[in-house]
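Novice: Structure: work_18.txt, compact mmCIF, C-alpha atoms.
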# COMPACT_ATOMS: atom_id res chain seq x y z
CA MET A 1 14.94 9.55 1.51
CA ALA A 2 12.58 7.03 -0.03
CA VAL A 3 15.07 4.12 0.14
CA VAL A 4 14.53 2.44 3.51
CA GLU A 5 16.72 -0.65 3.05
CA SER A 6 19.29 -2.17 0.68
CA PHE A 7 20.10 -5.82 0.04
CA LYS A 8 22.73 -7.13 -2.35
CA GLY A 9 22.60 -3.87 -4.26
CA ALA A 10 18.82 -3.63 -4.68
CA SER A 11 16.90 -0.76 -3.06
CA LEU A 12 13.71 -1.26 -1.04
CA ILE A 13 11.38 1.62 -1.86
CA GLU A 14 7.84 1.70 -0.51
CA GLY A 15 7.56 -2.04 -0.15
CA LYS A 16 9.26 -3.27 -3.34
CA TRP A 17 12.83 -3.95 -4.46
CA TYR A 18 14.14 -1.85 -7.33
CA CYS A 19 17.25 -1.52 -9.49
CA PRO A 20 19.91 0.70 -7.83
CA ALA A 21 20.09 2.70 -11.08
CA MET A 22 16.45 3.82 -10.94
CA PRO A 23 16.32 7.60 -11.59
CA ASP A 24 15.93 9.91 -8.60
CA ASN A 25 12.64 11.36 -9.83
CA LEU A 26 11.11 7.86 -9.66
CA VAL A 27 12.74 7.04 -6.32
CA GLU A 28 11.43 10.25 -4.72
CA ALA A 29 8.09 10.37 -6.55
CA SER A 30 5.96 9.99 -3.40
CA VAL A 31 8.16 12.38 -1.42
CA ASN A 32 7.84 15.10 -4.06
CA TYR A 33 4.12 14.51 -4.61
CA ARG A 34 3.34 14.92 -0.92
CA GLY A 35 5.57 17.97 -0.61
CA PHE A 36 8.04 16.45 1.86
CA GLY A 37 11.10 17.16 -0.30
CA ASP A 38 12.41 20.17 -2.19
CA PRO A 39 9.47 22.54 -2.91
CA ALA A 40 10.90 23.10 -6.40
CA LYS A 41 10.40 19.38 -7.15
CA LYS A 42 6.70 19.29 -6.16
CA ILE A 43 4.66 17.32 -8.71
CA ASP A 44 0.95 17.06 -9.44
CA ALA A 45 -1.23 13.94 -9.30
CA GLU A 46 -1.04 13.25 -13.04
CA THR A 47 2.77 13.36 -13.04
CA TYR A 48 2.84 11.21 -9.92
CA ASP A 49 0.75 8.50 -11.59
CA LEU A 50 3.07 8.46 -14.61
CA LEU A 51 6.17 8.12 -12.42
CA ILE A 52 4.64 5.31 -10.38
CA ALA A 53 3.82 3.44 -13.61
CA GLN A 54 7.40 3.89 -14.83
CA ARG A 55 8.77 2.40 -11.62
CA SER A 56 7.63 -1.08 -12.61
CA ARG A 57 10.26 -1.11 -15.37
CA TYR A 58 12.99 -0.99 -12.72
CA ARG A 59 11.44 -3.47 -10.28
CA VAL A 60 13.52 -6.47 -9.27
CA ARG A 61 11.49 -9.52 -10.29
CA VAL A 62 10.92 -12.90 -8.68
CA LYS A 63 12.59 -15.74 -10.56
CA ASP A 64 11.80 -18.67 -8.30
CA ARG A 65 10.76 -19.40 -4.73
CA LEU A 66 13.27 -21.64 -3.00
CA GLY A 67 12.10 -24.61 -0.96
CA THR A 68 12.85 -25.21 2.68
CA HIS A 69 15.32 -27.96 1.72
CA ASP A 70 17.76 -25.32 0.44
CA SER A 71 20.57 -24.21 2.71
CA GLU A 72 19.24 -20.65 2.63
CA SER A 73 15.49 -20.42 2.17
CA GLY A 74 14.16 -17.32 0.51
CA VAL A 75 13.27 -15.96 -2.91
CA ALA A 76 15.37 -15.98 -6.07
CA MET A 77 15.24 -12.45 -7.48
CA ARG A 78 16.61 -11.17 -10.76
CA CYS A 79 17.64 -7.79 -12.13
CA PRO A 80 14.96 -6.11 -14.32
CA ALA A 81 17.42 -6.37 -17.24
CA ALA A 82 18.01 -10.11 -16.80
CA GLY A 83 16.26 -12.92 -18.68
CA ALA A 84 14.10 -13.10 -21.79
CA SER A 85 11.18 -11.32 -20.06
CA ALA A 86 13.30 -8.38 -18.91
CA THR A 87 11.71 -4.94 -18.62
CA ALA A 88 14.95 -2.98 -18.99
CA ILE A 89 18.21 -2.94 -20.94
CA CYS A 90 21.47 -2.51 -19.03
CA PRO A 91 25.09 -2.52 -20.26
CA LEU A 92 25.89 -5.03 -17.51
CA LYS A 93 23.41 -7.62 -18.78
CA LYS A 94 23.16 -9.63 -21.98
CA VAL A 95 20.02 -8.77 -23.93
CA LEU A 96 17.81 -11.82 -24.44
CA GLY A 97 14.56 -12.09 -26.34
CA ASN A 98 12.69 -9.19 -27.92
CA SER A 99 14.02 -5.93 -26.48
CA ALA A 100 11.30 -3.71 -27.95
CA GLY A 101 9.67 -1.42 -25.39
CA ARG A 102 12.27 -1.98 -22.68
CA THR A 103 13.60 0.90 -20.61
CA VAL A 104 17.27 1.69 -21.21
CA ILE A 105 19.36 2.09 -18.04
CA HIS A 106 21.98 4.75 -18.59
CA ALA A 107 23.30 5.52 -15.08
CA VAL A 108 24.98 2.21 -14.27
CA PRO A 109 26.25 1.96 -10.65
CA THR A 110 29.92 2.83 -10.26
CA HIS A 111 30.44 -0.18 -8.01
CA PRO A 112 27.87 -2.81 -9.08
CA SER A 113 26.79 -5.24 -6.39
CA ASP A 114 25.38 -8.79 -6.49
CA ILE A 115 22.07 -7.92 -8.13
CA CYS A 116 24.01 -6.37 -11.04
CA ASN A 117 26.90 -8.83 -11.28
CA ASN A 118 24.95 -12.09 -11.09
CA ARG A 119 23.96 -13.36 -14.53
CA SER A 120 20.85 -15.24 -13.46
CA SER A 121 19.48 -14.37 -10.02
CA VAL A 122 20.28 -13.54 -6.41
CA THR A 123 18.75 -15.17 -3.35
CA PHE A 124 16.88 -12.75 -1.10
CA THR A 125 16.46 -14.17 2.38
CA THR A 126 13.06 -14.08 4.06
CA GLU A 127 14.40 -11.50 6.53
CA ALA A 128 15.36 -9.05 3.77
CA GLY A 129 12.77 -6.29 3.66
CA ALA A 130 10.43 -8.23 5.95
CA LYS A 131 9.48 -5.13 7.96
CA TYR A 132 8.55 -2.88 5.04
CA GLY A 133 7.87 -5.28 2.15
CA GLN A 134 4.43 -5.62 0.59
CA GLU A 135 2.94 -7.78 -2.13
CA LEU A 136 1.53 -5.03 -4.33
CA GLU A 137 3.48 -2.14 -5.79
CA PHE A 138 2.74 1.05 -3.85
CA GLU A 139 0.10 3.32 -5.45
CA SER A 140 -0.31 0.98 -8.43
CA PRO A 141 -3.89 0.46 -9.74
CA LYS A 142 -4.16 -2.87 -7.89
CA TRP A 143 -2.84 -1.29 -4.68
CA ARG A 144 -5.35 1.54 -4.86
CA LYS A 145 -8.25 -0.78 -5.60
CA LEU A 146 -7.41 -2.90 -2.56
CA TYR A 147 -6.29 -0.37 0.03
CA ARG A 148 -7.96 2.96 -0.61
CA PRO A 149 -11.57 1.89 0.16
CA LEU A 150 -10.40 -0.07 3.22
CA ARG A 151 -8.35 2.87 4.47
CA SER A 152 -11.33 5.21 4.15
CA MET A 153 -13.51 2.76 6.05
CA MET A 154 -10.88 2.30 8.75
CA GLU A 155 -10.35 6.04 9.21
CA GLY A 156 -14.08 6.48 9.58
CA PHE A 157 -14.32 3.71 12.16
CA ASN A 158 -11.37 5.17 14.07
CA GLY A 159 -13.27 8.41 14.47
CA PHE A 160 -16.42 6.45 15.40
CA VAL A 161 -14.77 4.48 18.21
CA LYS A 162 -12.93 7.57 19.52
CA ASP A 163 -16.16 9.53 20.00
CA PRO A 164 -15.84 11.07 23.51
CA ASN A 165 -19.58 10.62 24.10
CA TYR A 166 -19.31 6.85 23.71
CA GLU A 167 -16.27 4.52 23.73
CA ALA A 168 -13.55 7.24 23.68
CA LEU A 169 -10.89 4.67 22.79
CA ASP A 170 -8.16 7.32 22.58
CA VAL A 171 -8.69 8.48 26.19
CA PRO A 172 -6.47 6.24 28.38
CA GLY A 173 -7.76 7.91 31.54
CA ARG A 174 -11.05 6.03 31.15
CA ARG A 175 -9.36 2.66 31.61
CA ARG A 176 -6.94 3.10 34.47
CA CYS A 177 -5.32 -0.28 34.84
CA ARG A 178 -1.85 -1.76 34.57
CA GLY A 179 -0.64 -4.47 32.27
CA TYR A 180 -0.91 -5.27 28.59
CA ALA A 181 -3.51 -8.00 29.15
CA ALA A 182 -5.88 -5.69 31.01
CA GLN A 183 -5.53 -2.93 28.40
CA PHE A 184 -6.09 -5.47 25.63
CA LEU A 185 -9.26 -6.69 27.32
CA PHE A 186 -10.68 -3.20 27.80
CA ALA A 187 -9.82 -2.20 24.22
CA THR A 188 -11.56 -5.34 22.95
CA LEU A 189 -14.69 -4.55 24.96
CA LEU A 190 -14.73 -0.98 23.67
CA LEU A 191 -14.40 -2.16 20.07
CA MET A 192 -17.17 -4.69 20.64
CA SER A 193 -19.36 -1.91 22.02
CA ALA A 194 -18.62 0.27 18.98
CA ASN A 195 -19.52 -2.57 16.61
CA LEU A 196 -22.79 -3.19 18.42
CA ARG A 197 -23.58 0.52 18.33
CA ALA A 198 -22.92 0.59 14.59
CA LEU A 199 -25.18 -2.44 14.06
CA VAL A 200 -28.01 -0.90 16.08
CA THR A 201 -27.68 2.35 14.13
CA PHE A 202 -27.79 0.47 10.84
CA LEU A 203 -30.78 -1.69 11.81
CA THR A 204 -32.86 1.16 13.22
CA LYS A 205 -32.15 3.60 10.40
CA GLU A 206 -34.85 3.53 7.73
CA PRO A 207 -33.37 3.01 4.23
CA THR A 208 -33.33 6.10 2.02
CA THR A 209 -35.14 4.27 -0.80
CA GLN A 210 -37.95 3.30 1.54
CA ILE A 211 -38.25 6.87 2.82
CA SER A 212 -38.35 8.17 -0.75
CA THR A 213 -41.10 5.69 -1.66
CA LYS A 214 -43.19 6.67 1.36
CA THR A 215 -42.70 10.36 0.56
CA ARG A 216 -43.84 9.90 -3.03
CA THR A 217 -46.88 7.88 -1.88
CA SER A 218 -47.81 10.56 0.65
CA ARG A 219 -47.51 13.33 -1.94
CA ARG A 220 -49.68 11.35 -4.39
CA ARG A 221 -52.41 10.88 -1.74
CA ASN A 222 -52.34 14.59 -0.92
CA ARG A 223 -52.84 15.46 -4.59
CA ASP A 224 -55.76 13.02 -4.88
CA THR A 225 -57.51 14.58 -1.90
Would you kindly transcribe this structure into structure tokens?
Specialist:
Amino acid sequence: MAVVESFKGASLIEGKWYCPAMPDNLVEASVNYRGFGDPAKKIDAETYDLLIAQRSRYRVRVKDRLGTHDSESGVAMRCPAAGASATAICPLKKVLGNSAGRTVIHAVPTHPSDICNNRSSVTFTTEAGAKYGQELEFESPKWRKLYRPLRSMMEGFNGFVKDPNYEALDVPGRRRCRGYAAQFLFATLLLMSANLRALVTFLTKEPTTQISTKTRTSRRRNRDT
């Protein structure tokens, strides 16, 4: 199940809090896209992108960040159907402002909790969702722009530092010692060695543009002779 945590009625799904009435196809979008759920519900990449975009309509939004002087520090969050800048329309909330383009919530929870019953906002403590929460909405354009290139680079470096002919970071038998501190030290030295090896490779490798220029010059001289 995609919901990993609940707080005051809101559902934490892949790092963000959402309305408890969000449709199942949006809740399980990533599960179905990656084929972890019912095979009959498998979706393609285009459908997945559309569902991820629709999720934002159900996202619980930040109203105000509470200061440390409050009795319970945290973040004031509001239902997606609350306030003049709401992204949804719900029978449990009064419609304020221009409602054009808002998503209509049909499946209202049978037993609404705080996030649904509170007219203005609900305080989410700093501990709520701390383990799985993230700033950007999962698989959104901003998320992909930030994380996908970094992930590719990190996966490549992981393979680089695990090369059995060099650092072999994933072979614990090559650093037989006890204690976290000792293991941390050896891992640091191996990573330092891998970085130095990468720098040496980069500095000693002739740029492709320079090679192409030399090749063209050599071919031109051969034609002249």
Novice: Identify, on the basis of only C-alpha atoms, every residue whose closest approach to stretch 133-150 of chain A does not exceed 10 Å; exclude the query and any residue fewer than 2 positions from it along the same chain; express the result as a list in words.
Specialist: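 Once the adjacent positions are removed, what remains is Leu12, Ile13, Glu14, Gly15, Lys16, Trp17, Ser30, Tyr48, Asp49, Ile52, Ala53, Arg55, Ser56, Arg59, Ala128, Gly129, Ala130, Lys131, Ser152, Met153, Met154, Glu155 and Gly156 of chain A.
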Novice: Might you pull out every residue within 9 Å of A:Ser120, with all atoms listed in the file counted and same-chain residues fewer than 3 positions away left off, and present them as a list in words?
Specialist: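 Surrounding residues, per the criterion: Lys63, Met77, Arg78, Cys79, Ala82 and Gly83 of chain A.
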Novice: Keeping only C-alpha atoms, take the residues you just selected and write them out as a compact mmCIF listing (two decimals), in the coordinates of the input.
Specialist:
# COMPACT_ATOMS: atom_id res chain seq x y z
CA LYS A 63 12.59 -15.74 -10.56
CA MET A 77 15.24 -12.45 -7.48
CA ARG A 78 16.61 -11.17 -10.76
CA CYS A 79 17.64 -7.79 -12.13
CA ALA A 82 18.01 -10.11 -16.80
CA GLY A 83 16.26 -12.92 -18.68
Novice: Please measure the separation of atom CA of A:Phe124 and atom CA of A:Ala81, giving the value in Å to one decimal.
Specialist: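 Distance between the two atoms: 17.4 Å.
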Novice: Atom CA of A:Leu199 and atom CA of A:Arg176, how far apart in Å?
Specialist: 27.9 Å
Novice: Any idea what's packed within 12 Å of A:Leu189, counting all atoms listed in the file, ignoring anything in its chain fewer than 5 positions away? Could you give it as a PDB file with C-alpha atoms, in the frame of the given file?
Specialist:
ATOM      1  CA  VAL A 161     -14.770   4.480  18.210  1.00  0.00           C
ATOM      2  CA  GLU A 167     -16.270   4.520  23.730  1.00  0.00           C
ATOM      3  CA  ALA A 168     -13.550   7.240  23.680  1.00  0.00           C
ATOM      4  CA  LEU A 169     -10.890   4.670  22.790  1.00  0.00           C
ATOM      5  CA  ARG A 175      -9.360   2.660  31.610  1.00  0.00           C
ATOM      6  CA  ALA A 182      -5.880  -5.690  31.010  1.00  0.00           C
ATOM      7  CA  GLN A 183      -5.530  -2.930  28.400  1.00  0.00           C
ATOM      8  CA  PHE A 184      -6.090  -5.470  25.630  1.00  0.00           C
ATOM      9  CA  ALA A 194     -18.620   0.270  18.980  1.00  0.00           C
ATOM     10  CA  ASN A 195     -19.520  -2.570  16.610  1.00  0.00           C
ATOM     11  CA  LEU A 196     -22.790  -3.190  18.420  1.00  0.00           C
TER      12      LEU A 196
END
Novice: Please report the interatomic distance between atom CA of A:Arg102 and atom CA of A:Leu26 in Å with one decimal.
Specialist: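 Atom CA of A:Arg102 sits 16.4 Å away from atom CA of A:Leu26.
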Novice: Once you count all atoms listed in the file, which residues end up no further than 8 Å from (1.7, 13.4, -7.5) in the file's frame, shown as a VMD selection string?
Specialist: chain A and resid 29 to 30 32 to 34 42 to 49
Novice: Using only C-alpha atoms, which of A:Ser193, A:Thr204, A:Asn98, A:Thr188 sits nearest A:Ser85?
Specialist: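 Nearest candidate to A:Ser85 out of A:Ser193, A:Thr204, A:Asn98, A:Thr188: A:Asn98.
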Novice: Kindly add all heavy atoms to the incomplete stretch 160-171 of chain A and provide the output as a PDB file, keeping the file's coordinate frame.
Specialist:
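What ended up in part_23.pdb:
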ATOM      1  N   PHE A 160     -15.191   6.955  14.756  1.00  0.00           N
ATOM      2  CA  PHE A 160     -16.420   6.450  15.400  1.00  0.00           C
ATOM      3  C   PHE A 160     -16.127   5.926  16.803  1.00  0.00           C
ATOM      4  O   PHE A 160     -16.832   6.235  17.761  1.00  0.00           O
ATOM      5  CB  PHE A 160     -17.006   5.350  14.511  1.00  0.00           C
ATOM      6  CG  PHE A 160     -18.327   4.813  14.995  1.00  0.00           C
ATOM      7  CD1 PHE A 160     -19.500   5.525  14.790  1.00  0.00           C
ATOM      8  CD2 PHE A 160     -18.396   3.583  15.632  1.00  0.00           C
ATOM      9  CE1 PHE A 160     -20.726   5.022  15.222  1.00  0.00           C
ATOM     10  CE2 PHE A 160     -19.612   3.073  16.068  1.00  0.00           C
ATOM     11  CZ  PHE A 160     -20.784   3.802  15.859  1.00  0.00           C
ATOM     12  N   VAL A 161     -15.067   5.110  16.923  1.00  0.00           N
ATOM     13  CA  VAL A 161     -14.770   4.480  18.210  1.00  0.00           C
ATOM     14  C   VAL A 161     -14.075   5.440  19.174  1.00  0.00           C
ATOM     15  O   VAL A 161     -13.992   5.173  20.378  1.00  0.00           O
ATOM     16  CB  VAL A 161     -13.915   3.213  17.984  1.00  0.00           C
ATOM     17  CG1 VAL A 161     -12.465   3.565  17.712  1.00  0.00           C
ATOM     18  CG2 VAL A 161     -14.013   2.254  19.170  1.00  0.00           C
ATOM     19  N   LYS A 162     -13.582   6.576  18.662  1.00  0.00           N
ATOM     20  CA  LYS A 162     -12.930   7.570  19.520  1.00  0.00           C
ATOM     21  C   LYS A 162     -13.901   8.664  19.973  1.00  0.00           C
ATOM     22  O   LYS A 162     -13.487   9.601  20.665  1.00  0.00           O
ATOM     23  CB  LYS A 162     -11.747   8.198  18.787  1.00  0.00           C
ATOM     24  CG  LYS A 162     -10.583   7.248  18.564  1.00  0.00           C
ATOM     25  CD  LYS A 162      -9.470   7.918  17.771  1.00  0.00           C
ATOM     26  CE  LYS A 162      -8.321   6.952  17.514  1.00  0.00           C
ATOM     27  NZ  LYS A 162      -7.245   7.591  16.702  1.00  0.00           N
ATOM     28  N   ASP A 163     -15.160   8.540  19.599  1.00  0.00           N
ATOM     29  CA  ASP A 163     -16.160   9.530  20.000  1.00  0.00           C
ATOM     30  C   ASP A 163     -16.176   9.677  21.515  1.00  0.00           C
ATOM     31  O   ASP A 163     -16.431   8.706  22.236  1.00  0.00           O
ATOM     32  CB  ASP A 163     -17.543   9.080  19.498  1.00  0.00           C
ATOM     33  CG  ASP A 163     -18.592  10.171  19.648  1.00  0.00           C
ATOM     34  OD1 ASP A 163     -18.501  10.971  20.605  1.00  0.00           O
ATOM     35  OD2 ASP A 163     -19.517  10.231  18.815  1.00  0.00           O
ATOM     36  N   PRO A 164     -15.907  10.881  22.049  1.00  0.00           N
ATOM     37  CA  PRO A 164     -15.840  11.070  23.510  1.00  0.00           C
ATOM     38  C   PRO A 164     -17.160  10.831  24.227  1.00  0.00           C
ATOM     39  O   PRO A 164     -17.187  10.606  25.444  1.00  0.00           O
ATOM     40  CB  PRO A 164     -15.374  12.521  23.657  1.00  0.00           C
ATOM     41  CG  PRO A 164     -15.778  13.181  22.373  1.00  0.00           C
ATOM     42  CD  PRO A 164     -15.630  12.126  21.327  1.00  0.00           C
ATOM     43  N   ASN A 165     -18.272  10.865  23.489  1.00  0.00           N
ATOM     44  CA  ASN A 165     -19.580  10.620  24.100  1.00  0.00           C
ATOM     45  C   ASN A 165     -19.897   9.139  24.251  1.00  0.00           C
ATOM     46  O   ASN A 165     -20.885   8.788  24.894  1.00  0.00           O
ATOM     47  CB  ASN A 165     -20.672  11.289  23.271  1.00  0.00           C
ATOM     48  CG  ASN A 165     -20.555  12.797  23.280  1.00  0.00           C
ATOM     49  OD1 ASN A 165     -20.272  13.397  24.311  1.00  0.00           O
ATOM     50  ND2 ASN A 165     -20.747  13.415  22.121  1.00  0.00           N
ATOM     51  N   TYR A 166     -19.050   8.289  23.643  1.00  0.00           N
ATOM     52  CA  TYR A 166     -19.310   6.850  23.710  1.00  0.00           C
ATOM     53  C   TYR A 166     -18.062   6.098  24.185  1.00  0.00           C
ATOM     54  O   TYR A 166     -17.687   6.194  25.334  1.00  0.00           O
ATOM     55  CB  TYR A 166     -19.806   6.341  22.358  1.00  0.00           C
ATOM     56  CG  TYR A 166     -21.142   6.921  21.964  1.00  0.00           C
ATOM     57  CD1 TYR A 166     -21.206   8.047  21.143  1.00  0.00           C
ATOM     58  CD2 TYR A 166     -22.327   6.368  22.431  1.00  0.00           C
ATOM     59  CE1 TYR A 166     -22.437   8.601  20.789  1.00  0.00           C
ATOM     60  CE2 TYR A 166     -23.559   6.910  22.088  1.00  0.00           C
ATOM     61  CZ  TYR A 166     -23.603   8.026  21.273  1.00  0.00           C
ATOM     62  OH  TYR A 166     -24.820   8.562  20.933  1.00  0.00           O
ATOM     63  N   GLU A 167     -17.390   5.369  23.299  1.00  0.00           N
ATOM     64  CA  GLU A 167     -16.270   4.520  23.730  1.00  0.00           C
ATOM     65  C   GLU A 167     -15.009   5.302  24.103  1.00  0.00           C
ATOM     66  O   GLU A 167     -14.279   4.897  25.003  1.00  0.00           O
ATOM     67  CB  GLU A 167     -15.923   3.499  22.636  1.00  0.00           C
ATOM     68  CG  GLU A 167     -16.980   2.429  22.423  1.00  0.00           C
ATOM     69  CD  GLU A 167     -18.162   2.908  21.614  1.00  0.00           C
ATOM     70  OE1 GLU A 167     -18.000   3.902  20.857  1.00  0.00           O
ATOM     71  OE2 GLU A 167     -19.247   2.296  21.721  1.00  0.00           O
ATOM     72  N   ALA A 168     -14.730   6.402  23.409  1.00  0.00           N
ATOM     73  CA  ALA A 168     -13.550   7.240  23.680  1.00  0.00           C
ATOM     74  C   ALA A 168     -12.280   6.388  23.794  1.00  0.00           C
ATOM     75  O   ALA A 168     -11.556   6.447  24.785  1.00  0.00           O
ATOM     76  CB  ALA A 168     -13.758   8.049  24.954  1.00  0.00           C
ATOM     77  N   LEU A 169     -12.026   5.598  22.760  1.00  0.00           N
ATOM     78  CA  LEU A 169     -10.890   4.670  22.790  1.00  0.00           C
ATOM     79  C   LEU A 169      -9.552   5.370  22.972  1.00  0.00           C
ATOM     80  O   LEU A 169      -8.618   4.799  23.534  1.00  0.00           O
ATOM     81  CB  LEU A 169     -10.877   3.857  21.490  1.00  0.00           C
ATOM     82  CG  LEU A 169      -9.802   2.770  21.372  1.00  0.00           C
ATOM     83  CD1 LEU A 169      -9.992   1.705  22.456  1.00  0.00           C
ATOM     84  CD2 LEU A 169      -9.824   2.131  19.991  1.00  0.00           C
ATOM     85  N   ASP A 170      -9.438   6.614  22.502  1.00  0.00           N
ATOM     86  CA  ASP A 170      -8.160   7.320  22.580  1.00  0.00           C
ATOM     87  C   ASP A 170      -7.965   8.066  23.902  1.00  0.00           C
ATOM     88  O   ASP A 170      -7.015   8.843  24.041  1.00  0.00           O
ATOM     89  CB  ASP A 170      -8.016   8.292  21.414  1.00  0.00           C
ATOM     90  CG  ASP A 170      -9.102   9.359  21.417  1.00  0.00           C
ATOM     91  OD1 ASP A 170     -10.180   9.108  22.012  1.00  0.00           O
ATOM     92  OD2 ASP A 170      -8.882  10.432  20.831  1.00  0.00           O
ATOM     93  N   VAL A 171      -8.836   7.830  24.885  1.00  0.00           N
ATOM     94  CA  VAL A 171      -8.690   8.480  26.190  1.00  0.00           C
ATOM     95  C   VAL A 171      -8.258   7.427  27.218  1.00  0.00           C
ATOM     96  O   VAL A 171      -9.095   6.716  27.791  1.00  0.00           O
ATOM     97  CB  VAL A 171     -10.019   9.132  26.640  1.00  0.00           C
ATOM     98  CG1 VAL A 171      -9.837   9.857  27.983  1.00  0.00           C
ATOM     99  CG2 VAL A 171     -10.513  10.101  25.585  1.00  0.00           C
TER     100      VAL A 171
END
